[in-house]
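Colleague: Sharing final_24.tsv here; it has TSV, C-alpha atoms.
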```
chain	number	residue	atom	x	y	z
M	1187	ILE	CA	57.01	-19.77	0.84
M	1188	GLN	CA	53.65	-20.79	-0.60
M	1189	LEU	CA	53.13	-19.44	-4.12
M	1190	LEU	CA	49.58	-19.31	-5.52
M	1191	ASP	CA	49.01	-18.84	-9.26
M	1192	LEU	CA	45.62	-17.18	-9.62
M	1193	PRO	CA	43.58	-17.10	-12.83
M	1194	GLY	CA	43.62	-13.94	-14.89
M	1195	ILE	CA	41.49	-11.07	-13.61
M	1196	ILE	CA	39.24	-9.53	-16.24
M	1197	GLU	CA	37.56	-6.15	-16.24
M	1198	GLY	CA	34.57	-6.23	-13.91
M	1199	ALA	CA	35.97	-9.02	-11.75
M	1200	SER	CA	35.20	-7.04	-8.60
M	1201	GLU	CA	31.53	-7.14	-9.59
M	1202	GLY	CA	31.55	-10.93	-9.96
M	1203	LYS	CA	32.39	-11.40	-13.64
M	1204	GLY	CA	34.38	-14.53	-14.40
M	1205	ARG	CA	34.18	-15.60	-10.75
M	1206	GLY	CA	36.43	-12.67	-10.01
M	1207	ARG	CA	35.37	-12.28	-6.39
M	1208	GLN	CA	36.54	-15.79	-5.52
M	1209	VAL	CA	39.88	-15.09	-7.19
M	1210	ILE	CA	40.39	-11.74	-5.49
M	1211	ALA	CA	39.38	-13.17	-2.10
M	1212	VAL	CA	42.50	-15.34	-2.21
M	1213	ALA	CA	44.66	-12.25	-2.74
M	1214	ARG	CA	43.33	-10.70	0.49
M	1215	SER	CA	44.99	-13.45	2.52
M	1216	ALA	CA	48.40	-13.06	0.86
M	1217	ASP	CA	51.45	-11.29	2.25
M	1218	LEU	CA	52.68	-10.23	-1.19
M	1219	VAL	CA	50.87	-9.72	-4.49
M	1220	LEU	CA	52.82	-10.22	-7.72
M	1221	ILE	CA	51.16	-8.57	-10.72
M	1222	VAL	CA	52.69	-9.94	-13.93
M	1223	VAL	CA	52.03	-8.02	-17.15
M	1224	ASP	CA	53.22	-8.46	-20.73
M	1225	ALA	CA	55.85	-5.85	-21.52
M	1226	GLY	CA	56.00	-6.78	-25.21
M	1227	SER	CA	52.31	-6.40	-25.98
M	1228	GLY	CA	52.22	-2.62	-25.79
M	1229	LYS	CA	49.31	-2.75	-23.33
M	1230	ALA	CA	51.29	-3.25	-20.13
M	1231	GLU	CA	50.29	0.05	-18.53
M	1232	ARG	CA	46.62	-0.49	-19.30
M	1233	GLN	CA	46.79	-3.99	-17.82
M	1234	ARG	CA	48.46	-2.62	-14.72
M	1235	GLU	CA	45.84	0.09	-14.20
M	1236	LEU	CA	43.02	-2.40	-14.72
M	1237	LEU	CA	44.38	-4.89	-12.18
M	1238	VAL	CA	45.08	-2.21	-9.58
M	1239	ARG	CA	41.59	-0.76	-9.97
M	1240	GLU	CA	39.89	-4.14	-9.62
M	1241	LEU	CA	41.88	-4.94	-6.47
M	1242	GLU	CA	41.22	-1.55	-4.90
M	1243	VAL	CA	37.47	-1.86	-5.43
M	1244	VAL	CA	37.35	-4.94	-3.17
M	1245	GLY	CA	39.35	-3.25	-0.41
M	1246	LEU	CA	42.97	-4.10	-1.23
M	1247	ARG	CA	45.41	-1.23	-0.80
M	1248	LEU	CA	48.63	-1.93	-2.66
M	1249	ASN	CA	51.91	-0.53	-1.33
M	1250	GLN	CA	50.12	1.74	1.11
M	1251	ARG	CA	50.03	1.95	4.88
M	1252	PRO	CA	47.18	2.87	7.21
M	1253	PRO	CA	47.10	6.57	8.13
M	1254	ASN	CA	48.33	7.50	11.58
M	1255	VAL	CA	44.88	8.58	12.76
M	1256	TYR	CA	43.24	7.55	16.02
M	1257	PHE	CA	39.54	6.79	15.60
M	1258	LYS	CA	37.22	5.43	18.28
M	1259	ARG	CA	33.46	5.22	18.35
M	1260	LYS	CA	31.66	6.25	21.53
M	1261	LYS	CA	28.14	5.90	22.83
M	1262	THR	CA	27.74	9.50	23.99
M	1263	GLY	CA	29.62	12.77	23.99
M	1264	GLY	CA	29.36	13.86	20.36
M	1265	VAL	CA	32.17	14.11	17.82
M	1266	SER	CA	35.57	15.32	19.00
M	1267	VAL	CA	38.13	16.16	16.29
M	1268	SER	CA	41.68	17.22	17.12
M	1269	ALA	CA	44.97	17.27	15.24
M	1270	SER	CA	48.63	17.41	16.24
M	1271	CYS	CA	49.67	18.50	12.73
M	1272	GLN	CA	48.46	20.79	9.99
M	1273	LEU	CA	45.64	19.31	7.90
M	1274	VAL	CA	45.78	20.11	4.19
M	1275	ASN	CA	43.84	17.39	2.39
M	1276	ILE	CA	40.96	17.15	4.86
M	1277	THR	CA	39.14	19.57	7.15
M	1278	GLU	CA	37.12	19.23	10.32
M	1279	ARG	CA	33.97	19.92	8.34
M	1280	ASP	CA	34.74	17.01	6.03
M	1281	VAL	CA	35.23	14.73	9.02
M	1282	ASN	CA	31.91	15.70	10.59
M	1283	GLN	CA	30.11	15.29	7.28
M	1284	LEU	CA	31.58	11.83	6.65
M	1285	LEU	CA	30.73	10.66	10.15
M	1286	HIS	CA	27.19	11.96	9.72
M	1287	GLU	CA	26.82	10.00	6.47
M	1288	TYR	CA	27.93	6.83	8.26
M	1289	ARG	CA	25.48	7.61	11.10
M	1290	ILE	CA	28.25	8.01	13.65
M	1291	HIS	CA	27.18	10.74	16.07
M	1292	SER	CA	29.71	10.15	18.87
M	1293	ALA	CA	33.37	9.51	18.16
M	1294	GLU	CA	36.88	10.66	18.97
M	1295	VAL	CA	39.26	11.46	16.11
M	1296	LEU	CA	42.91	12.44	16.50
M	1297	PHE	CA	45.02	13.21	13.42
M	1298	ARG	CA	48.70	12.53	14.01
M	1299	GLU	CA	49.40	13.10	10.31
M	1300	ASP	CA	47.61	14.54	7.31
M	1301	CYS	CA	45.45	12.15	5.29
M	1302	THR	CA	43.05	12.29	2.38
M	1303	ILE	CA	39.29	11.84	2.43
M	1304	ASP	CA	39.60	8.39	0.85
M	1305	GLN	CA	42.04	7.28	3.55
M	1306	PHE	CA	39.69	8.49	6.26
M	1307	ILE	CA	36.82	6.56	4.64
M	1308	ASP	CA	39.00	3.44	4.68
M	1309	LEU	CA	39.62	4.06	8.38
M	1310	ILE	CA	35.89	4.26	9.09
M	1311	GLU	CA	35.14	1.13	7.08
M	1312	GLY	CA	37.81	-0.85	8.93
M	1313	ASN	CA	37.90	-3.73	6.43
M	1314	ARG	CA	40.75	-2.62	4.20
M	1315	LYS	CA	43.75	-4.88	3.65
M	1316	TYR	CA	47.14	-3.23	3.19
M	1317	VAL	CA	49.51	-5.51	1.30
M	1318	ARG	CA	52.81	-5.15	-0.51
M	1319	CYS	CA	52.75	-5.47	-4.29
M	1320	LEU	CA	55.46	-5.99	-6.90
M	1321	PHE	CA	54.76	-5.26	-10.57
M	1322	VAL	CA	56.66	-7.70	-12.80
M	1323	TYR	CA	57.02	-6.88	-16.51
M	1324	ASN	CA	57.67	-10.11	-18.40
M	1325	LYS	CA	58.95	-10.60	-21.98
M	1326	ILE	CA	61.44	-7.74	-21.91
M	1327	ASP	CA	63.33	-9.49	-24.72
M	1328	MET	CA	60.56	-8.27	-27.04
M	1329	THR	CA	60.91	-4.59	-26.14
M	1330	THR	CA	63.57	-1.89	-26.31
M	1331	ILE	CA	66.19	-0.89	-23.77
M	1332	GLU	CA	64.60	2.56	-23.40
M	1333	GLU	CA	61.30	0.94	-22.45
M	1334	CYS	CA	63.07	-1.23	-19.87
M	1335	ASP	CA	64.70	1.84	-18.35
M	1336	ARG	CA	61.35	3.59	-18.17
M	1337	ILE	CA	59.76	0.61	-16.41
M	1338	MET	CA	62.61	0.28	-13.94
M	1339	SER	CA	62.29	3.95	-13.01
M	1340	GLN	CA	58.76	3.32	-11.72
M	1341	PRO	CA	58.37	2.42	-8.03
M	1342	ASP	CA	57.74	-1.21	-7.07
M	1343	SER	CA	58.46	-2.42	-10.60
M	1344	MET	CA	60.97	-4.78	-12.18
M	1345	VAL	CA	61.60	-6.41	-15.56
M	1346	MET	CA	62.38	-10.03	-16.39
M	1347	SER	CA	62.17	-12.62	-19.13
M	1348	CYS	CA	61.15	-16.17	-18.36
M	1349	HIS	CA	62.05	-17.38	-21.85
M	1350	MET	CA	65.57	-15.90	-21.82
M	1351	LYS	CA	65.99	-16.52	-18.05
M	1352	MET	CA	66.87	-12.91	-17.36
M	1353	ASN	CA	66.70	-11.31	-13.89
M	1354	HIS	CA	65.57	-14.49	-12.16
M	1355	ASP	CA	67.99	-13.91	-9.29
M	1356	VAL	CA	66.82	-10.30	-8.90
M	1357	PHE	CA	63.23	-11.53	-8.87
M	1358	LEU	CA	63.94	-13.88	-5.96
M	1359	GLU	CA	65.77	-11.14	-4.04
M	1360	LYS	CA	62.82	-8.80	-4.52
M	1361	ILE	CA	60.39	-11.39	-3.16
M	1362	TRP	CA	62.61	-11.92	-0.12
M	1363	GLU	CA	62.89	-8.18	0.45
M	1364	TYR	CA	59.18	-7.41	0.08
M	1365	LEU	CA	58.14	-10.27	2.35
M	1366	GLY	CA	60.60	-9.12	5.01
M	1367	LEU	CA	61.87	-12.63	5.73
M	1368	VAL	CA	64.49	-13.13	8.43
M	1369	ARG	CA	66.48	-16.34	8.92
M	1370	VAL	CA	67.43	-17.19	12.49
M	1371	TYR	CA	69.68	-20.12	13.37
M	1372	THR	CA	69.34	-21.90	16.69
M	1373	LYS	CA	72.26	-23.01	18.86
M	1374	PRO	CA	71.90	-25.66	21.56
M	1375	ARG	CA	73.97	-25.20	24.70
M	1376	GLY	CA	77.48	-26.57	24.26
M	1377	LYS	CA	76.97	-27.39	20.57
M	1378	LYS	CA	77.49	-25.73	17.21
M	1379	PRO	CA	74.68	-23.75	15.55
M	1380	ASP	CA	72.34	-25.56	13.20
M	1381	PHE	CA	72.84	-23.82	9.85
M	1382	ASP	CA	70.82	-26.40	7.89
M	1383	ASP	CA	67.32	-25.74	9.24
M	1384	PRO	CA	66.81	-22.06	10.19
M	1385	LEU	CA	63.74	-20.42	11.67
M	1386	VAL	CA	62.07	-18.13	9.13
M	1387	LEU	CA	60.38	-15.07	10.65
M	1388	THR	CA	58.36	-12.40	8.85
M	1389	ASN	CA	57.79	-8.73	9.57
M	1390	GLY	CA	54.16	-8.85	8.52
M	1391	ARG	CA	52.64	-11.73	10.45
M	1392	HIS	CA	54.28	-12.42	13.82
M	1393	GLY	CA	57.29	-10.12	13.78
M	1394	THR	CA	61.00	-10.80	14.11
M	1395	SER	CA	61.40	-10.56	17.87
M	1396	VAL	CA	62.92	-13.14	20.19
M	1397	GLU	CA	59.42	-13.89	21.46
M	1398	ALA	CA	58.26	-14.77	17.93
M	1399	ALA	CA	61.25	-17.09	17.53
M	1400	CYS	CA	60.47	-18.81	20.84
M	1401	LYS	CA	56.83	-19.31	19.85
M	1402	GLN	CA	57.90	-20.84	16.57
M	1403	ILE	CA	60.20	-23.28	18.37
M	1404	HIS	CA	57.51	-24.29	20.90
M	1405	ARG	CA	54.55	-22.50	22.42
M	1406	THR	CA	55.53	-23.45	25.99
M	1407	LEU	CA	58.97	-21.86	25.69
M	1408	VAL	CA	57.86	-18.29	26.41
M	1409	PRO	CA	56.55	-18.87	29.99
M	1410	SER	CA	59.80	-20.60	30.96
M	1411	PHE	CA	62.02	-18.08	29.12
M	1412	ASP	CA	64.87	-16.57	31.14
M	1413	TYR	CA	67.09	-14.86	28.56
M	1414	ALA	CA	68.54	-15.37	25.08
M	1415	ILE	CA	72.12	-15.19	23.86
M	1416	VAL	CA	72.31	-13.65	20.39
M	1417	TRP	CA	75.15	-13.56	17.86
M	1418	GLY	CA	74.78	-11.38	14.78
M	1419	CYS	CA	74.13	-7.90	13.41
M	1420	SER	CA	71.20	-7.10	15.70
M	1421	VAL	CA	73.38	-6.78	18.82
M	1422	LYS	CA	76.18	-4.37	19.69
M	1423	HIS	CA	78.32	-7.00	21.36
M	1424	THR	CA	78.73	-10.59	20.22
M	1425	PRO	CA	77.42	-12.53	22.06
M	1426	GLN	CA	74.90	-10.51	24.03
M	1427	ARG	CA	72.08	-11.29	26.44
M	1428	CYS	CA	68.66	-10.19	25.18
M	1429	GLY	CA	65.05	-10.29	26.27
M	1430	LEU	CA	61.83	-11.22	24.51
M	1431	SER	CA	61.39	-7.79	22.91
M	1432	HIS	CA	64.74	-7.81	21.09
M	1433	MET	CA	64.37	-7.59	17.29
M	1434	LEU	CA	66.44	-10.10	15.34
M	1435	SER	CA	68.21	-9.55	12.03
M	1436	ASP	CA	68.81	-11.87	9.11
M	1437	GLU	CA	71.20	-14.77	9.79
M	1438	ASP	CA	71.36	-14.18	13.54
M	1439	VAL	CA	72.22	-17.06	15.87
M	1440	ILE	CA	70.15	-17.45	19.02
M	1441	GLN	CA	70.47	-19.61	22.11
M	1442	VAL	CA	67.48	-19.68	24.45
M	1443	VAL	CA	68.08	-20.22	28.16
M	1444	LYS	CA	65.13	-21.43	30.23
M	1445	LYS	CA	64.41	-20.75	33.87
M	1446	ARG	CA	65.65	-23.38	36.27
M	1447	ASN	CA	63.06	-24.53	38.76
M	1448	GLN	CA	63.72	-25.53	42.37
M	1449	LYS	CA	64.01	-29.24	41.58
M	1450	GLU	CA	66.74	-28.62	39.01
M	1451	LEU	CA	68.65	-26.32	41.36
M	1452	ASP	CA	68.40	-28.68	44.36
M	1453	PRO	CA	67.16	-32.12	43.29
M	1454	HIS	CA	67.81	-33.72	46.72
M	1455	ASN	CA	66.32	-30.79	48.67
M	1456	GLN	CA	69.55	-30.33	50.64
M	1457	LYS	CA	69.58	-26.54	50.85
M	1458	SER	CA	66.02	-26.12	51.98
M	1459	GLY	CA	65.75	-25.15	55.63
M	1460	PRO	CA	63.02	-25.90	58.13
M	1461	VAL	CA	59.49	-25.21	57.02
M	1462	GLU	CA	58.15	-22.00	58.53
M	1463	LYS	CA	54.91	-22.29	60.41
M	1464	SER	CA	52.02	-19.96	59.88
M	1465	ARG	CA	50.62	-17.67	62.58
M	1466	ASN	CA	47.58	-19.85	63.14
M	1467	GLN	CA	49.76	-22.90	63.70
M	1468	ILE	CA	51.88	-20.99	66.24
M	1469	ARG	CA	48.77	-19.77	68.10
M	1470	LYS	CA	47.32	-23.25	68.29
M	1471	ALA	CA	50.58	-24.61	69.65
M	1472	LYS	CA	50.75	-21.91	72.35
M	1473	ALA	CA	47.08	-22.16	73.30
M	1474	LYS	CA	46.40	-23.59	76.76
M	1475	LEU	CA	44.73	-26.92	77.05
M	1476	LYS	CA	41.18	-26.78	78.35
M	1477	THR	CA	40.64	-28.63	81.65
```
Could I get this file's structure written as structure tokens?
Modeller:
Amino acid sequence: IQLLDLPGIIEGASEGKGRGRQVIAVARSADLVLIVVDAGSGKAERQRELLVRELEVVGLRLNQRPPNVYFKRKKTGGVSVSASCQLVNITERDVNQLLHEYRIHSAEVLFREDCTIDQFIDLIEGNRKYVRCLFVYNKIDMTTIEECDRIMSQPDSMVMSCHMKMNHDVFLEKIWEYLGLVRVYTKPRGKKPDFDDPLVLTNGRHGTSVEAACKQIHRTLVPSFDYAIVWGCSVKHTPQRCGLSHMLSDEDVIQVVKKRNQKELDPHNQKSGPVEKSRNQIRKAKAKLKT
């Protein structure tokens, strides 16, 4: 895990104050954003709102997911809007008006779920980054127990104290959970699994499938892949044969079996029969000699 400690973001950083754009640009490439505020200063909520607002202005969407809406621009045909659910927060008139403002005169829109106008604007822009965020309230030793309970009741929030070394283990577990890390141990054929150096897969970047594990081992392993033997919680039977699309769980053990080519199956070429001739070769052999 690579941890980057960014400078403090001030108000107006999204507009370029205090070189805020360079700082926020680093956050766009992260898999998890940790927002640390001072719980003992009495301004924790204001600091949280300020940081969230500055990040949202530059296109970061914290703890959100893209709406399940199909949108495709077309060259001709006009605007086609359809929905497979009931729309409450947006109407067809709003969609046509927004597309007209963006000078999109031909497009196909399919709503599979209800969304807001702001979410639809993000869909049109296409440059929004959806990232997980954990709000960490530090210095809880300087506040009351009631305040700690109120903070813990908020979603995506936790309390800790670096000075008193409180909740450090919970903090690490939260990071592991929000990143969606999965440890996979490899097992060579005829040997014990290697529990010292696991493969670490993530849900966000490349996924936790057998194919992702093979690519992390070596990029040439996927074309020669035959099947995988998996031990762990992700399979019903232990061990079990799986394909490339199988999703692995944490602390699974995997053994990859490669395809065996003809040379490995028959190195001395003993089982190969006579070489079959093509039709042209047979015709030439049967053709009469010219006199």
Colleague: May I have a table of the residues of segment 1210-1271 of chain M lying at most 12 Å from segment 1280-1293 of chain M, giving each one's closest pair of atoms and their distance in Å to one decimal, counting all atoms listed in the file, ordered by chain and ascending residue number, as CSV?
Modeller:
```
residue,atom,partner,partner_atom,distance
M:Tyr1256,CA,M:Ala1293,CA,10.3
M:Phe1257,CA,M:Ala1293,CA,7.2
M:Lys1258,CA,M:Ala1293,CA,5.6
M:Arg1259,CA,M:Ala1293,CA,4.3
M:Lys1260,CA,M:Ala1293,CA,5.0
M:Lys1261,CA,M:Ser1292,CA,6.0
M:Thr1262,CA,M:Ser1292,CA,5.5
M:Gly1263,CA,M:Ser1292,CA,5.8
M:Gly1264,CA,M:Ser1292,CA,4.0
M:Val1265,CA,M:Ala1293,CA,4.8
M:Ser1266,CA,M:Ala1293,CA,6.3
M:Val1267,CA,M:Val1281,CA,8.0
M:Ser1268,CA,M:Val1281,CA,10.6
M:Ala1269,CA,M:Val1281,CA,11.8
```
Colleague: Write out as a PyMOL selection string each polymer residue whose atoms come within 9 Å of Pro1252 of chain M, counting all atoms listed in the file; drop sequence neighbours fewer than 4 positions from it.
Modeller: chain M and resi 1305+1308-1309+1314+1316
Colleague: What is the distance, in Å and to one decimal place, between atom CA of Asp1412 of chain M and atom CA of Lys1445 of chain M?
Modeller: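 Between atom CA of Asp1412 of chain M and atom CA of Lys1445 of chain M the gap works out to 5.0 Å.
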Colleague: What is the atom CA of Arg1234 of chain M-atom CA of Leu1248 of chain M distance in Å, reported with one decimal?
Modeller: 12.1 Å
Colleague: Padding of 5 Å on every side, edges along x, y and z, all listed atoms of segment 1405-1414 of chain M included: what centre and edge lengths in Å, to one decimal, does that box have, as AutoDock Vina command-line options?
Modeller:
```
--center_x 61.5 --center_y -19.2 --center_z 26.8 --size_x 24.0 --size_y 18.6 --size_z 18.7
```
Colleague: Counting only C-alpha atoms, find residues at most 10 Å from (42.4, -10.5, -1.1) (file frame) and give them as JSON, numbers by chain.
Modeller: {"M": [1207, 1208, 1209, 1210, 1211, 1212, 1213, 1214, 1215, 1216, 1217, 1219, 1241, 1242, 1244, 1245, 1246, 1247, 1314, 1315, 1316, 1317]}
Colleague: Considering only C-alpha atoms, return as a ChimeraX atom specification whatever protein or nucleic-acid residues lie within 12 Å of Ile1403 of chain M, sequence-local ones (same chain, fewer than 6 positions apart) excluded.
Modeller: /M:1370-1372,1383-1387,1396-1397,1440-1442
Colleague: Nearest to Leu1220 of chain M among M:Met1350, M:Leu1434, M:Ile1195, M:Ile1361, with distances taken over all atoms listed in the file: which residue is it?
Modeller: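 Selected residue with least distance to Leu1220 of chain M: M:Ile1361.
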Colleague: Which is closer to Gly1390 of chain M than all the others in M:Met1344, M:Tyr1364, M:Arg1405, M:Glu1333, using all atoms listed in the file?
Modeller: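 Comparing M:Met1344, M:Tyr1364, M:Arg1405, M:Glu1333 against Gly1390 of chain M, the winner is M:Tyr1364.
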Colleague: Which polymer residues, whether protein, DNA or RNA, lie within 12 Å of the coordinate (55.4, -7.7, -7.1) when you count only C-alpha atoms? List them as a PyMOL selection string, using the chain letters and numbers from the file.
Modeller: chain M and resi 1216-1223+1234+1238+1248-1249+1317-1324+1341-1346+1356-1365
Colleague: For atom CA of Leu1192 of chain M and atom CA of Met1338 of chain M, determine how far apart the two atoms are, in Å to one decimal place.
Modeller: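 Interatomic distance here is 24.7 Å.
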Colleague: Quick one: residues within 7 Å of Thr1329 of chain M, all atoms listed in the file, excluding same-chain residues fewer than 3 positions away - as JSON, numbers by chain?
Modeller: {"M": [1225, 1226, 1326, 1333]}
Colleague: Convert the current residue selection to file output with C-alpha atoms, as a PDB file, in the coordinates of the input.
Modeller:
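Result file follows (result35.pdb):
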```pdb
ATOM      1  CA  ALA M1225      55.850  -5.850 -21.520  1.00  0.00           C
ATOM      2  CA  GLY M1226      56.000  -6.780 -25.210  1.00  0.00           C
ATOM      3  CA  ILE M1326      61.440  -7.740 -21.910  1.00  0.00           C
ATOM      4  CA  GLU M1333      61.300   0.940 -22.450  1.00  0.00           C
TER       5      GLU M1333
END
```
Colleague: Please list as a PyMOL selection string every residue within 7 Å of segment 1197-1206 of chain M, counting only C-alpha atoms and excluding residues in the same chain fewer than 6 positions away.
Modeller: chain M and resi 1236+1240+1243-1244
Colleague: Would you mind telling me which residue in M:Gly1429, M:Pro1193, M:Gly1228, M:Pro1253 lies nearest to Cys1400 of chain M when using only C-alpha atoms?
Modeller: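 Among M:Gly1429, M:Pro1193, M:Gly1228, M:Pro1253, it is M:Gly1429 that comes nearest to Cys1400 of chain M.
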Colleague: Tell me, as a list in words, which residues lie within 7 Å of Ser1435 of chain M, counting all atoms listed in the file; anything in the same chain fewer than 6 positions away does not count.
Modeller: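 The residues that qualify are Val1368, Cys1419 and Ser1420 of chain M.
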Colleague: So, with all atoms listed in the file as the atoms that count, which of M:Asp1438, M:Gln1250, M:Ile1415, M:Asp1335 lies closest to Phe1381 of chain M?
Modeller: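 The answer is M:Asp1438, which sits nearest to Phe1381 of chain M.
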Colleague: Which is closest to Met1433 of chain M among M:Leu1237, M:Ala1398, M:Val1408, M:Ile1276, if we use all atoms listed in the file?
Modeller: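 Among the listed residues, the smallest separation from Met1433 of chain M belongs to M:Ala1398.
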Colleague: Between M:Arg1232, M:Arg1446, M:His1404, M:Arg1369, which one has atoms that come closest to Asn1389 of chain M, using only C-alpha atoms?
Modeller: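 The shortest atom-to-atom distance to Asn1389 of chain M comes from M:Arg1369.
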